[in-house]
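> protein.cif is reproduced in full below (mmCIF, C-alpha atoms, pLDDT in the B column; chains and numbers go by the auth columns).
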data_target
#
loop_
_atom_site.group_PDB
_atom_site.id
_atom_site.type_symbol
_atom_site.label_atom_id
_atom_site.label_comp_id
_atom_site.label_asym_id
_atom_site.label_seq_id
_atom_site.Cartn_x
_atom_site.Cartn_y
_atom_site.Cartn_z
_atom_site.B_iso_or_equiv
_atom_site.auth_seq_id
_atom_site.auth_asym_id
ATOM 1 C CA VAL A 1 -99.321 10.030 -12.089 38.00 1 A
ATOM 2 C CA ALA A 2 -101.659 10.250 -9.057 41.00 2 A
ATOM 3 C CA LEU A 3 -99.541 12.784 -7.210 40.00 3 A
ATOM 4 C CA ALA A 4 -98.342 15.365 -9.712 38.00 4 A
ATOM 5 C CA VAL A 5 -94.660 15.996 -9.968 36.00 5 A
ATOM 6 C CA LEU A 6 -94.700 19.672 -10.819 37.00 6 A
ATOM 7 C CA PRO A 7 -94.936 22.080 -7.892 38.00 7 A
ATOM 8 C CA ALA A 8 -97.395 24.766 -8.903 36.00 8 A
ATOM 9 C CA ALA A 9 -98.187 26.818 -5.871 34.00 9 A
ATOM 10 C CA ALA A 10 -100.951 28.683 -7.641 32.00 10 A
ATOM 11 C CA ALA A 11 -102.882 25.452 -7.988 35.00 11 A
ATOM 12 C CA PHE A 12 -103.363 25.279 -4.248 33.00 12 A
ATOM 13 C CA VAL A 13 -104.484 28.822 -3.483 34.00 13 A
ATOM 14 C CA GLY A 14 -108.074 28.732 -2.285 38.00 14 A
ATOM 15 C CA PRO A 15 -110.490 31.201 -0.721 36.00 15 A
ATOM 16 C CA ALA A 16 -110.305 31.794 2.996 34.00 16 A
ATOM 17 C CA ALA A 17 -114.083 31.910 3.285 36.00 17 A
ATOM 18 C CA GLN A 18 -116.531 28.985 3.231 37.00 18 A
ATOM 19 C CA ALA A 19 -115.482 26.543 0.534 37.00 19 A
ATOM 20 C CA PRO A 20 -118.029 25.447 -2.070 38.00 20 A
ATOM 21 C CA ALA A 21 -119.390 21.933 -2.121 37.00 21 A
ATOM 22 C CA THR A 22 -117.013 20.930 -4.930 40.00 22 A
ATOM 23 C CA ALA A 23 -113.853 22.208 -3.223 41.00 23 A
ATOM 24 C CA VAL A 24 -112.545 18.705 -2.696 40.00 24 A
ATOM 25 C CA HIS A 25 -112.112 18.333 -6.462 44.00 25 A
ATOM 26 C CA ALA A 26 -110.513 21.745 -6.934 45.00 26 A
ATOM 27 C CA GLY A 27 -106.957 20.522 -7.496 60.00 27 A
ATOM 28 C CA GLN A 28 -107.702 17.419 -9.543 70.00 28 A
ATOM 29 C CA GLY A 29 -107.832 19.135 -12.923 70.00 29 A
ATOM 30 C CA ASP A 30 -104.459 20.720 -12.311 66.00 30 A
ATOM 31 C CA LEU A 31 -103.014 17.359 -11.275 75.00 31 A
ATOM 32 C CA VAL A 32 -104.235 15.781 -14.498 77.00 32 A
ATOM 33 C CA ALA A 33 -102.585 18.491 -16.579 73.00 33 A
ATOM 34 C CA LEU A 34 -99.359 18.336 -14.597 71.00 34 A
ATOM 35 C CA ALA A 35 -99.117 14.542 -14.724 78.00 35 A
ATOM 36 C CA GLU A 36 -99.736 14.446 -18.470 76.00 36 A
ATOM 37 C CA ALA A 37 -97.144 17.192 -18.987 73.00 37 A
ATOM 38 C CA ASN A 38 -94.473 14.999 -17.386 73.00 38 A
ATOM 39 C CA GLY A 39 -92.078 14.147 -20.181 69.00 39 A
ATOM 40 C CA ASP A 40 -90.835 10.829 -18.787 69.00 40 A
ATOM 41 C CA GLN A 41 -92.016 7.370 -19.839 70.00 41 A
ATOM 42 C CA LEU A 42 -94.851 7.286 -17.309 66.00 42 A
ATOM 43 C CA GLY A 43 -96.098 10.730 -18.230 68.00 43 A
ATOM 44 C CA ARG A 44 -96.160 9.958 -21.936 72.00 44 A
ATOM 45 C CA ASN A 45 -97.796 6.533 -21.683 75.00 45 A
ATOM 46 C CA LEU A 46 -99.686 6.433 -18.394 76.00 46 A
ATOM 47 C CA GLY A 47 -100.522 10.051 -17.673 78.00 47 A
ATOM 48 C CA PHE A 48 -102.814 10.652 -14.724 82.00 48 A
ATOM 49 C CA TRP A 49 -103.314 7.467 -12.684 83.00 49 A
ATOM 50 C CA ASP A 50 -105.199 7.596 -9.403 85.00 50 A
ATOM 51 C CA PRO A 51 -106.754 4.158 -8.676 88.00 51 A
ATOM 52 C CA LEU A 52 -107.387 4.979 -4.999 87.00 52 A
ATOM 53 C CA GLY A 53 -108.970 8.355 -5.646 86.00 53 A
ATOM 54 C CA ALA A 54 -106.381 10.154 -3.515 83.00 54 A
ATOM 55 C CA SER A 55 -106.763 13.370 -5.501 82.00 55 A
ATOM 56 C CA SER A 56 -110.422 13.579 -4.442 83.00 56 A
ATOM 57 C CA LEU A 57 -109.868 13.178 -0.697 81.00 57 A
ATOM 58 C CA ASP A 58 -110.613 15.856 1.868 84.00 58 A
ATOM 59 C CA PHE A 59 -108.938 14.911 5.150 81.00 59 A
ATOM 60 C CA PHE A 60 -111.292 15.447 8.096 72.00 60 A
ATOM 61 C CA GLY A 61 -113.510 17.681 5.956 81.00 61 A
ATOM 62 C CA LEU A 62 -111.190 20.633 6.507 78.00 62 A
ATOM 63 C CA GLU A 63 -111.623 21.922 2.964 79.00 63 A
ATOM 64 C CA GLN A 64 -115.389 21.607 2.914 76.00 64 A
ATOM 65 C CA SER A 65 -115.601 23.441 6.225 80.00 65 A
ATOM 66 C CA GLY A 66 -113.411 26.256 4.964 81.00 66 A
ATOM 67 C CA ARG A 67 -110.768 25.764 7.654 81.00 67 A
ATOM 68 C CA LEU A 68 -108.235 24.975 4.921 81.00 68 A
ATOM 69 C CA PRO A 69 -108.252 26.242 1.327 80.00 69 A
ATOM 70 C CA SER A 70 -109.283 23.983 -1.519 79.00 70 A
ATOM 71 C CA GLY A 71 -106.452 21.715 -2.628 80.00 71 A
ATOM 72 C CA ALA A 72 -104.999 21.438 0.883 84.00 72 A
ATOM 73 C CA THR A 73 -105.272 17.634 0.932 85.00 73 A
ATOM 74 C CA VAL A 74 -103.548 17.356 -2.444 85.00 74 A
ATOM 75 C CA GLY A 75 -100.799 19.654 -1.151 86.00 75 A
ATOM 76 C CA TYR A 76 -100.378 17.440 1.903 88.00 76 A
ATOM 77 C CA LEU A 77 -100.190 14.245 -0.148 88.00 77 A
ATOM 78 C CA ARG A 78 -97.704 15.725 -2.605 88.00 78 A
ATOM 79 C CA HIS A 79 -95.477 16.968 0.214 91.00 79 A
ATOM 80 C CA ALA A 80 -95.683 13.583 1.942 91.00 80 A
ATOM 81 C CA GLU A 81 -94.665 11.771 -1.240 91.00 81 A
ATOM 82 C CA ILE A 82 -91.685 14.069 -1.804 93.00 82 A
ATOM 83 C CA LYS A 83 -90.560 13.701 1.808 94.00 83 A
ATOM 84 C CA HIS A 84 -90.929 9.908 1.783 96.00 84 A
ATOM 85 C CA GLY A 85 -88.977 9.814 -1.459 96.00 85 A
ATOM 86 C CA ARG A 86 -86.133 11.809 0.066 95.00 86 A
ATOM 87 C CA VAL A 87 -85.983 9.505 3.080 95.00 87 A
ATOM 88 C CA ALA A 88 -86.066 6.462 0.804 97.00 88 A
ATOM 89 C CA MET A 89 -83.206 7.794 -1.336 97.00 89 A
ATOM 90 C CA ALA A 90 -81.103 8.318 1.792 95.00 90 A
ATOM 91 C CA GLY A 91 -82.118 4.904 3.139 96.00 91 A
ATOM 92 C CA PHE A 92 -81.386 3.086 -0.118 97.00 92 A
ATOM 93 C CA LEU A 93 -77.906 4.566 -0.423 97.00 93 A
ATOM 94 C CA GLY A 94 -77.346 4.135 3.308 96.00 94 A
ATOM 95 C CA PHE A 95 -78.180 0.431 3.133 97.00 95 A
ATOM 96 C CA ILE A 96 -75.678 -0.066 0.322 96.00 96 A
ATOM 97 C CA ALA A 97 -72.995 1.994 2.051 95.00 97 A
ATOM 98 C CA GLN A 98 -73.424 0.103 5.319 94.00 98 A
ATOM 99 C CA CYS A 99 -72.815 -3.166 3.505 94.00 99 A
ATOM 100 C CA THR A 100 -69.307 -2.059 2.533 93.00 100 A
ATOM 101 C CA PRO A 101 -66.185 -2.760 4.631 92.00 101 A
ATOM 102 C CA LEU A 102 -65.483 0.964 4.701 92.00 102 A
ATOM 103 C CA VAL A 103 -68.538 1.493 6.903 92.00 103 A
ATOM 104 C CA ASN A 104 -69.257 -1.812 8.636 91.00 104 A
ATOM 105 C CA GLY A 105 -65.656 -2.956 8.943 92.00 105 A
ATOM 106 C CA GLU A 106 -63.198 -2.430 11.760 92.00 106 A
ATOM 107 C CA HIS A 107 -62.534 1.169 12.829 92.00 107 A
ATOM 108 C CA ALA A 108 -59.631 2.628 14.764 89.00 108 A
ATOM 109 C CA ALA A 109 -62.182 4.504 16.862 90.00 109 A
ATOM 110 C CA ALA A 110 -65.606 2.896 17.330 88.00 110 A
ATOM 111 C CA PRO A 111 -68.433 5.065 15.930 89.00 111 A
ATOM 112 C CA TYR A 112 -70.534 4.366 19.025 88.00 112 A
ATOM 113 C CA ARG A 113 -70.393 2.341 22.204 87.00 113 A
ATOM 114 C CA GLY A 114 -71.127 -1.316 21.492 86.00 114 A
ATOM 115 C CA TYR A 115 -70.138 -1.152 17.835 91.00 115 A
ATOM 116 C CA VAL A 116 -69.758 -4.570 16.183 92.00 116 A
ATOM 117 C CA ALA A 117 -68.014 -4.918 12.834 94.00 117 A
ATOM 118 C CA GLY A 118 -69.337 -7.023 9.970 92.00 118 A
ATOM 119 C CA VAL A 119 -73.056 -6.944 10.808 94.00 119 A
ATOM 120 C CA THR A 120 -76.010 -6.018 8.593 94.00 120 A
ATOM 121 C CA PRO A 121 -77.352 -2.452 8.332 95.00 121 A
ATOM 122 C CA GLN A 122 -80.366 -3.387 10.471 95.00 122 A
ATOM 123 C CA GLU A 123 -78.138 -4.953 13.131 94.00 123 A
ATOM 124 C CA GLN A 124 -76.021 -1.817 13.175 93.00 124 A
ATOM 125 C CA TRP A 125 -79.129 0.089 14.238 93.00 125 A
ATOM 126 C CA ASP A 126 -79.940 -2.529 16.859 92.00 126 A
ATOM 127 C CA ASN A 127 -76.449 -2.170 18.331 92.00 127 A
ATOM 128 C CA ILE A 128 -76.713 1.599 18.829 93.00 128 A
ATOM 129 C CA PRO A 129 -77.382 2.369 22.521 92.00 129 A
ATOM 130 C CA GLN A 130 -80.907 3.468 23.340 91.00 130 A
ATOM 131 C CA ALA A 131 -79.739 6.981 24.241 92.00 131 A
ATOM 132 C CA GLY A 132 -78.111 7.285 20.815 92.00 132 A
ATOM 133 C CA LYS A 133 -81.280 6.217 19.043 92.00 133 A
ATOM 134 C CA LEU A 134 -83.315 8.764 20.990 93.00 134 A
ATOM 135 C CA GLN A 135 -80.858 11.501 20.056 94.00 135 A
ATOM 136 C CA ILE A 136 -81.200 10.598 16.375 93.00 136 A
ATOM 137 C CA ILE A 137 -85.001 10.657 16.573 93.00 137 A
ATOM 138 C CA ALA A 138 -84.964 13.967 18.481 93.00 138 A
ATOM 139 C CA PHE A 139 -82.716 15.499 15.812 90.00 139 A
ATOM 140 C CA VAL A 140 -85.004 14.295 13.026 92.00 140 A
ATOM 141 C CA GLY A 141 -87.996 15.657 14.947 92.00 141 A
ATOM 142 C CA MET A 142 -86.283 19.031 15.195 89.00 142 A
ATOM 143 C CA LEU A 143 -85.698 19.095 11.436 88.00 143 A
ATOM 144 C CA GLU A 144 -89.316 18.068 10.886 91.00 144 A
ATOM 145 C CA SER A 145 -90.615 20.931 13.044 91.00 145 A
ATOM 146 C CA TYR A 146 -88.535 23.447 11.108 88.00 146 A
ATOM 147 C CA GLY A 147 -89.796 21.943 7.865 89.00 147 A
ATOM 148 C CA GLU A 148 -93.357 22.567 9.046 90.00 148 A
ATOM 149 C CA GLY A 149 -92.600 26.254 9.543 86.00 149 A
ATOM 150 C CA ALA A 150 -91.681 26.381 13.237 82.00 150 A
ATOM 151 C CA GLY A 151 -90.608 29.887 14.138 75.00 151 A
ATOM 152 C CA ASN A 152 -92.520 31.404 11.208 79.00 152 A
ATOM 153 C CA PRO A 153 -89.565 31.812 8.820 81.00 153 A
ATOM 154 C CA ASP A 154 -89.722 34.729 6.406 79.00 154 A
ATOM 155 C CA GLY A 155 -91.463 33.955 3.146 79.00 155 A
ATOM 156 C CA TYR A 156 -92.691 30.526 4.249 87.00 156 A
ATOM 157 C CA THR A 157 -96.186 29.378 3.262 89.00 157 A
ATOM 158 C CA HIS A 158 -97.397 25.972 4.430 90.00 158 A
ATOM 159 C CA TYR A 159 -97.984 23.414 1.682 88.00 159 A
ATOM 160 C CA THR A 160 -101.641 23.011 2.690 87.00 160 A
ATOM 161 C CA LYS A 161 -102.201 26.753 2.317 87.00 161 A
ATOM 162 C CA GLY A 162 -100.764 27.353 -1.113 85.00 162 A
ATOM 163 C CA GLY A 163 -97.083 26.762 -0.406 87.00 163 A
ATOM 164 C CA LEU A 164 -94.692 24.756 -2.545 87.00 164 A
ATOM 165 C CA PRO A 165 -94.810 21.012 -1.701 88.00 165 A
ATOM 166 C CA GLY A 166 -91.374 19.776 -0.712 90.00 166 A
ATOM 167 C CA PHE A 167 -90.014 23.229 0.115 90.00 167 A
ATOM 168 C CA TYR A 168 -87.734 23.367 3.162 90.00 168 A
ATOM 169 C CA PRO A 169 -87.124 26.811 4.693 89.00 169 A
ATOM 170 C CA SER A 170 -83.769 28.132 5.774 87.00 170 A
ATOM 171 C CA ILE A 171 -82.674 26.893 9.224 86.00 171 A
ATOM 172 C CA LYS A 172 -79.357 28.715 9.409 84.00 172 A
ATOM 173 C CA GLY A 173 -79.133 30.387 12.825 81.00 173 A
ATOM 174 C CA LYS A 174 -81.867 28.243 14.374 79.00 174 A
ATOM 175 C CA GLY A 175 -81.453 26.377 17.634 74.00 175 A
ATOM 176 C CA ALA A 176 -80.255 29.472 19.486 77.00 176 A
ATOM 177 C CA GLY A 177 -77.644 29.989 16.794 77.00 177 A
ATOM 178 C CA GLN A 178 -76.241 26.462 16.993 79.00 178 A
ATOM 179 C CA ILE A 179 -77.253 25.549 13.432 84.00 179 A
ATOM 180 C CA THR A 180 -74.736 27.143 11.102 86.00 180 A
ATOM 181 C CA PHE A 181 -75.804 25.567 7.799 87.00 181 A
ATOM 182 C CA ASP A 182 -79.004 25.187 5.845 87.00 182 A
ATOM 183 C CA LEU A 183 -80.300 21.674 5.215 84.00 183 A
ATOM 184 C CA TYR A 184 -80.742 22.495 1.547 80.00 184 A
ATOM 185 C CA LYS A 185 -77.571 23.820 -0.111 80.00 185 A
ATOM 186 C CA PRO A 186 -75.438 24.047 3.037 83.00 186 A
ATOM 187 C CA PHE A 187 -72.563 25.308 0.900 84.00 187 A
ATOM 188 C CA PRO A 188 -72.936 27.772 -2.014 80.00 188 A
ATOM 189 C CA ILE A 189 -70.996 25.569 -4.416 82.00 189 A
ATOM 190 C CA PHE A 190 -73.700 25.061 -7.037 82.00 190 A
ATOM 191 C CA PRO A 191 -74.657 27.741 -9.559 86.00 191 A
ATOM 192 C CA GLU A 192 -78.073 29.341 -9.501 87.00 192 A
ATOM 193 C CA GLN A 193 -80.655 27.581 -11.654 88.00 193 A
ATOM 194 C CA SER A 194 -83.310 28.977 -13.939 91.00 194 A
ATOM 195 C CA GLU A 195 -86.965 28.289 -13.187 90.00 195 A
ATOM 196 C CA ALA A 196 -87.032 25.729 -16.008 88.00 196 A
ATOM 197 C CA GLN A 197 -84.067 23.897 -14.482 90.00 197 A
ATOM 198 C CA LYS A 198 -85.659 23.944 -11.033 88.00 198 A
ATOM 199 C CA GLU A 199 -88.902 22.615 -12.497 85.00 199 A
ATOM 200 C CA ARG A 200 -87.085 19.749 -14.185 85.00 200 A
ATOM 201 C CA GLY A 201 -85.125 19.039 -10.990 88.00 201 A
ATOM 202 C CA ARG A 202 -88.337 18.727 -9.002 86.00 202 A
ATOM 203 C CA ARG A 203 -89.723 16.261 -11.553 84.00 203 A
ATOM 204 C CA VAL A 204 -86.533 14.209 -11.369 88.00 204 A
ATOM 205 C CA GLU A 205 -86.560 14.249 -7.569 91.00 205 A
ATOM 206 C CA VAL A 206 -90.082 12.865 -7.370 87.00 206 A
ATOM 207 C CA ASN A 207 -89.396 10.143 -9.930 87.00 207 A
ATOM 208 C CA ASN A 208 -86.138 9.167 -8.227 93.00 208 A
ATOM 209 C CA GLY A 209 -87.922 9.142 -4.874 94.00 209 A
ATOM 210 C CA ARG A 210 -90.567 6.772 -6.175 91.00 210 A
ATOM 211 C CA ALA A 211 -87.890 4.435 -7.510 93.00 211 A
ATOM 212 C CA ALA A 212 -86.008 4.640 -4.211 96.00 212 A
ATOM 213 C CA MET A 213 -89.104 3.720 -2.201 97.00 213 A
ATOM 214 C CA LEU A 214 -89.495 0.577 -4.286 96.00 214 A
ATOM 215 C CA GLY A 215 -85.759 -0.095 -4.086 96.00 215 A
ATOM 216 C CA LEU A 216 -85.522 0.281 -0.311 97.00 216 A
ATOM 217 C CA MET A 217 -88.511 -1.989 0.280 97.00 217 A
ATOM 218 C CA SER A 218 -86.962 -4.585 -2.030 97.00 218 A
ATOM 219 C CA LEU A 219 -83.718 -4.526 -0.013 97.00 219 A
ATOM 220 C CA LEU A 220 -85.564 -4.915 3.276 96.00 220 A
ATOM 221 C CA SER A 221 -87.808 -7.651 1.859 96.00 221 A
ATOM 222 C CA ALA A 222 -84.897 -9.642 0.449 95.00 222 A
ATOM 223 C CA SER A 223 -83.068 -9.260 3.735 95.00 223 A
ATOM 224 C CA ALA A 224 -86.014 -10.556 5.766 94.00 224 A
ATOM 225 C CA VAL A 225 -87.349 -13.214 3.386 94.00 225 A
ATOM 226 C CA PRO A 226 -84.649 -14.842 1.249 92.00 226 A
ATOM 227 C CA GLY A 227 -85.790 -15.309 -2.339 92.00 227 A
ATOM 228 C CA SER A 228 -88.665 -12.833 -2.074 94.00 228 A
ATOM 229 C CA VAL A 229 -86.942 -10.513 -4.566 95.00 229 A
ATOM 230 C CA PRO A 230 -85.654 -12.666 -7.451 94.00 230 A
ATOM 231 C CA ALA A 231 -83.423 -9.888 -8.771 92.00 231 A
ATOM 232 C CA LEU A 232 -81.497 -9.885 -5.487 94.00 232 A
ATOM 233 C CA SER A 233 -81.569 -13.593 -4.653 89.00 233 A
ATOM 234 C CA GLY A 234 -78.503 -14.297 -6.755 87.00 234 A
ATOM 235 C CA ILE A 235 -76.250 -11.869 -4.866 91.00 235 A
ATOM 236 C CA GLU A 236 -73.817 -13.897 -2.813 90.00 236 A
ATOM 237 C CA GLY A 237 -73.638 -12.832 0.815 89.00 237 A
ATOM 238 C CA PHE A 238 -76.687 -10.575 0.643 94.00 238 A
ATOM 239 C CA PRO A 239 -77.310 -9.448 4.269 94.00 239 A
ATOM 240 C CA GLN A 240 -80.000 -11.413 6.094 95.00 240 A
ATOM 241 C CA TYR A 241 -81.873 -10.070 9.110 94.00 241 A
ATOM 242 C CA SER A 242 -84.077 -12.039 11.501 92.00 242 A
ATOM 243 C CA GLY A 243 -85.403 -9.056 13.445 90.00 243 A
ATOM 244 C CA ASN A 244 -88.307 -6.737 12.656 90.00 244 A
ATOM 245 C CA VAL A 245 -87.469 -3.377 11.067 90.00 245 A
ATOM 246 C CA MET A 246 -90.947 -2.139 12.026 90.00 246 A
ATOM 247 C CA ILE A 247 -90.016 -2.378 15.711 88.00 247 A
ATOM 248 C CA PRO A 248 -86.997 -0.042 15.900 87.00 248 A
ATOM 249 C CA PHE A 249 -86.667 -0.332 19.701 87.00 249 A
ATOM 250 C CA GLU A 250 -87.245 -4.081 19.845 83.00 250 A
ATOM 251 C CA GLY A 251 -83.987 -4.685 21.713 77.00 251 A
ATOM 252 C CA ASP A 252 -84.423 -1.760 24.119 79.00 252 A
ATOM 253 C CA PHE A 253 -88.000 -1.743 25.373 76.00 253 A
ATOM 254 C CA THR A 254 -91.538 -2.587 24.355 70.00 254 A
ATOM 255 C CA LEU A 255 -94.934 -1.078 25.105 70.00 255 A
ATOM 256 C CA PHE A 256 -96.693 -4.433 24.910 63.00 256 A
#
Do you think you could lay out the structure here as structure tokens?

Amino acid sequence: VALAVLPAAAAFVGPAAQAPATAVHAGQGDLVALAEANGDQLGRNLGFWDPLGASSLDFFGLEQSGRLPSGATVGYLRHAEIKHGRVAMAGFLGFIAQCTPLVNGEHAAAPYRGYVAGVTPQEQWDNIPQAGKLQIIAFVGMLESYGEGAGNPDGYTHYTKGGLPGFYPSIKGKGAGQITFDLYKPFPIFPEQSEAQKERGRRVEVNNGRAAMLGLMSLLSASAVPGSVPALSGIEGFPQYSGNVMIPFEGDFTLF
């Protein structure tokens, strides 16, 4: 598949000096091998598929100029896909959960000021006070900065410089000691995995993320345009939303 699903850090290690003229293609051969090695249905039948030529891109010419090692753009795209997949998995499950009475029903104590029971997931976001929305976005921004290596955590190598795409460093003790758990494996309740198990898990995560991105967009599409997703059109009481999910602060303020 266009963005390989196996994290091979060695594939992204490039020289620090001036990159050769063909540096932009440095990671493509590895991506082909990794995609074809994927044992799922797509890997066996489709293999490497890159209709947009994403594996040959060099963002802003940073690889050709030598400011980033060869394969940096591929590392960026792979990390972006993994991260979008993780967000989509959370969003897909969150949409379903917020359609249940357990979440969107009546509560003894309102989750936030202005809470209204029985509304759609999108309307639940609209009903959150502006200050609450800003706090959520600030928290996500903080996690994003740590994920990009803020504070230079030990052993961290950025994904555009040979690091493992999708890797999230330890954040325990960050925020002046206020963060007491790591984002990944906050509790040591799972056994240690072998490298083969980790490799398979990373393949599964990428494939599940791709499915979740399609799934989340189908939920939002069916919610905005009834009948646009035939598989969902037959669900009685499927939540409908007349707002615009691409304008998250539509009810609070606008820049235009």
> Could you make a table, as CSV, of the residues of range 161-246 of chain A that have an atom within 8 Å of an atom of range 112-126 of chain A, each with its nearest atom pair and distance in Å to one decimal, counting only C-alpha atoms, in chain and number order?

residue,atom,partner,partner_atom,distance
A:Pro239,CA,A:Thr120,CA,5.7
A:Gln240,CA,A:Thr120,CA,7.2
A:Tyr241,CA,A:Gln122,CA,7.0
A:Val245,CA,A:Gln122,CA,7.1
> Go through A:Gly105, A:Pro230, A:Pro165, A:Pro129 and flag the residue nearest Val206 in chain A, using all atoms listed in the file for the distances.
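With all atoms listed in the file as the atom set, the closest residue is A:Pro165.
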> Around (-107.8, 14.9, -0.3) in the file's frame, which residues reach within 9 Å when counting all atoms listed in the file? Return as a PDB file with C-alpha atoms, in the frame of the given file?

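Written out: out29.pdb:
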ATOM      1  CA  VAL A  24    -112.545  18.705  -2.696  1.00 40.00           C
ATOM      2  CA  HIS A  25    -112.112  18.333  -6.462  1.00 44.00           C
ATOM      3  CA  GLY A  53    -108.970   8.355  -5.646  1.00 86.00           C
ATOM      4  CA  ALA A  54    -106.381  10.154  -3.515  1.00 83.00           C
ATOM      5  CA  SER A  55    -106.763  13.370  -5.501  1.00 82.00           C
ATOM      6  CA  SER A  56    -110.422  13.579  -4.442  1.00 83.00           C
ATOM      7  CA  LEU A  57    -109.868  13.178  -0.697  1.00 81.00           C
ATOM      8  CA  ASP A  58    -110.613  15.856   1.868  1.00 84.00           C
ATOM      9  CA  PHE A  59    -108.938  14.911   5.150  1.00 81.00           C
ATOM     10  CA  GLY A  61    -113.510  17.681   5.956  1.00 81.00           C
ATOM     11  CA  GLU A  63    -111.623  21.922   2.964  1.00 79.00           C
ATOM     12  CA  GLY A  71    -106.452  21.715  -2.628  1.00 80.00           C
ATOM     13  CA  ALA A  72    -104.999  21.438   0.883  1.00 84.00           C
ATOM     14  CA  THR A  73    -105.272  17.634   0.932  1.00 85.00           C
ATOM     15  CA  VAL A  74    -103.548  17.356  -2.444  1.00 85.00           C
ATOM     16  CA  GLY A  75    -100.799  19.654  -1.151  1.00 86.00           C
ATOM     17  CA  TYR A  76    -100.378  17.440   1.903  1.00 88.00           C
ATOM     18  CA  LEU A  77    -100.190  14.245  -0.148  1.00 88.00           C
TER      19      LEU A  77
END
> Residues within 12 Å of (-84.5, -1.6, 22.1), file coordinates, counting only C-alpha atoms: what are they? Give the list as a ChimeraX atom specification.
/A:123,125-134,243-255
> Please, what distance in Å, to one decimal, runs between CA of Ala109 in chain A and CA of Val140 in chain A?
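Separating CA of Ala109 in chain A from CA of Val140 in chain A is a distance of 25.1 Å.
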> With only C-alpha atoms as the atoms that count, which of A:Gly162, A:Gly227, A:Pro169, A:Phe60 lies nearest to Phe181 in chain A?
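Closest to Phe181 in chain A, using only C-alpha atoms: A:Pro169.
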> To one decimal in Å, tell me the separation between CA of Phe92 in chain A and CA of Ala211 in chain A.
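Separation of CA of Phe92 in chain A and CA of Ala211 in chain A: 9.9 Å.
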> For the structure shown, which residues end up in the PyMOL selection byres ((chain A and resi 209) around 10)? Put them as a list in words, please?
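With the shown file as input, the PyMOL selection byres ((chain A and resi 209) around 10) matches Glu81, Ile82, Lys83, His84, Gly85, Arg86, Val87, Ala88, Met89, Ala90, Arg203, Val204, Glu205, Val206, Asn207, Asn208, Arg210, Ala211, Ala212, Met213, Leu214 and Gly215 of chain A.
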> Set the distance at 12 Å and use only C-alpha atoms: which residues neighbour Gly151 in chain A once local chain neighbours fewer than 2 positions away are removed? I'd like the list as a VMD selection string.
chain A and resid 142 145 to 149 153 to 156 169 to 171 173 to 176
> Kindly give the distance, in Å, that separates CA of Ile136 in chain A and CA of Gly94 in chain A, rounded to a single decimal.
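That distance, rounded to one decimal, is 15.1 Å.
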> Which is closest to Arg78 in chain A among A:Leu220, A:Leu183, A:Leu31, A:Ile137, if we use all atoms listed in the file?
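The answer is A:Leu31, which sits nearest to Arg78 in chain A.
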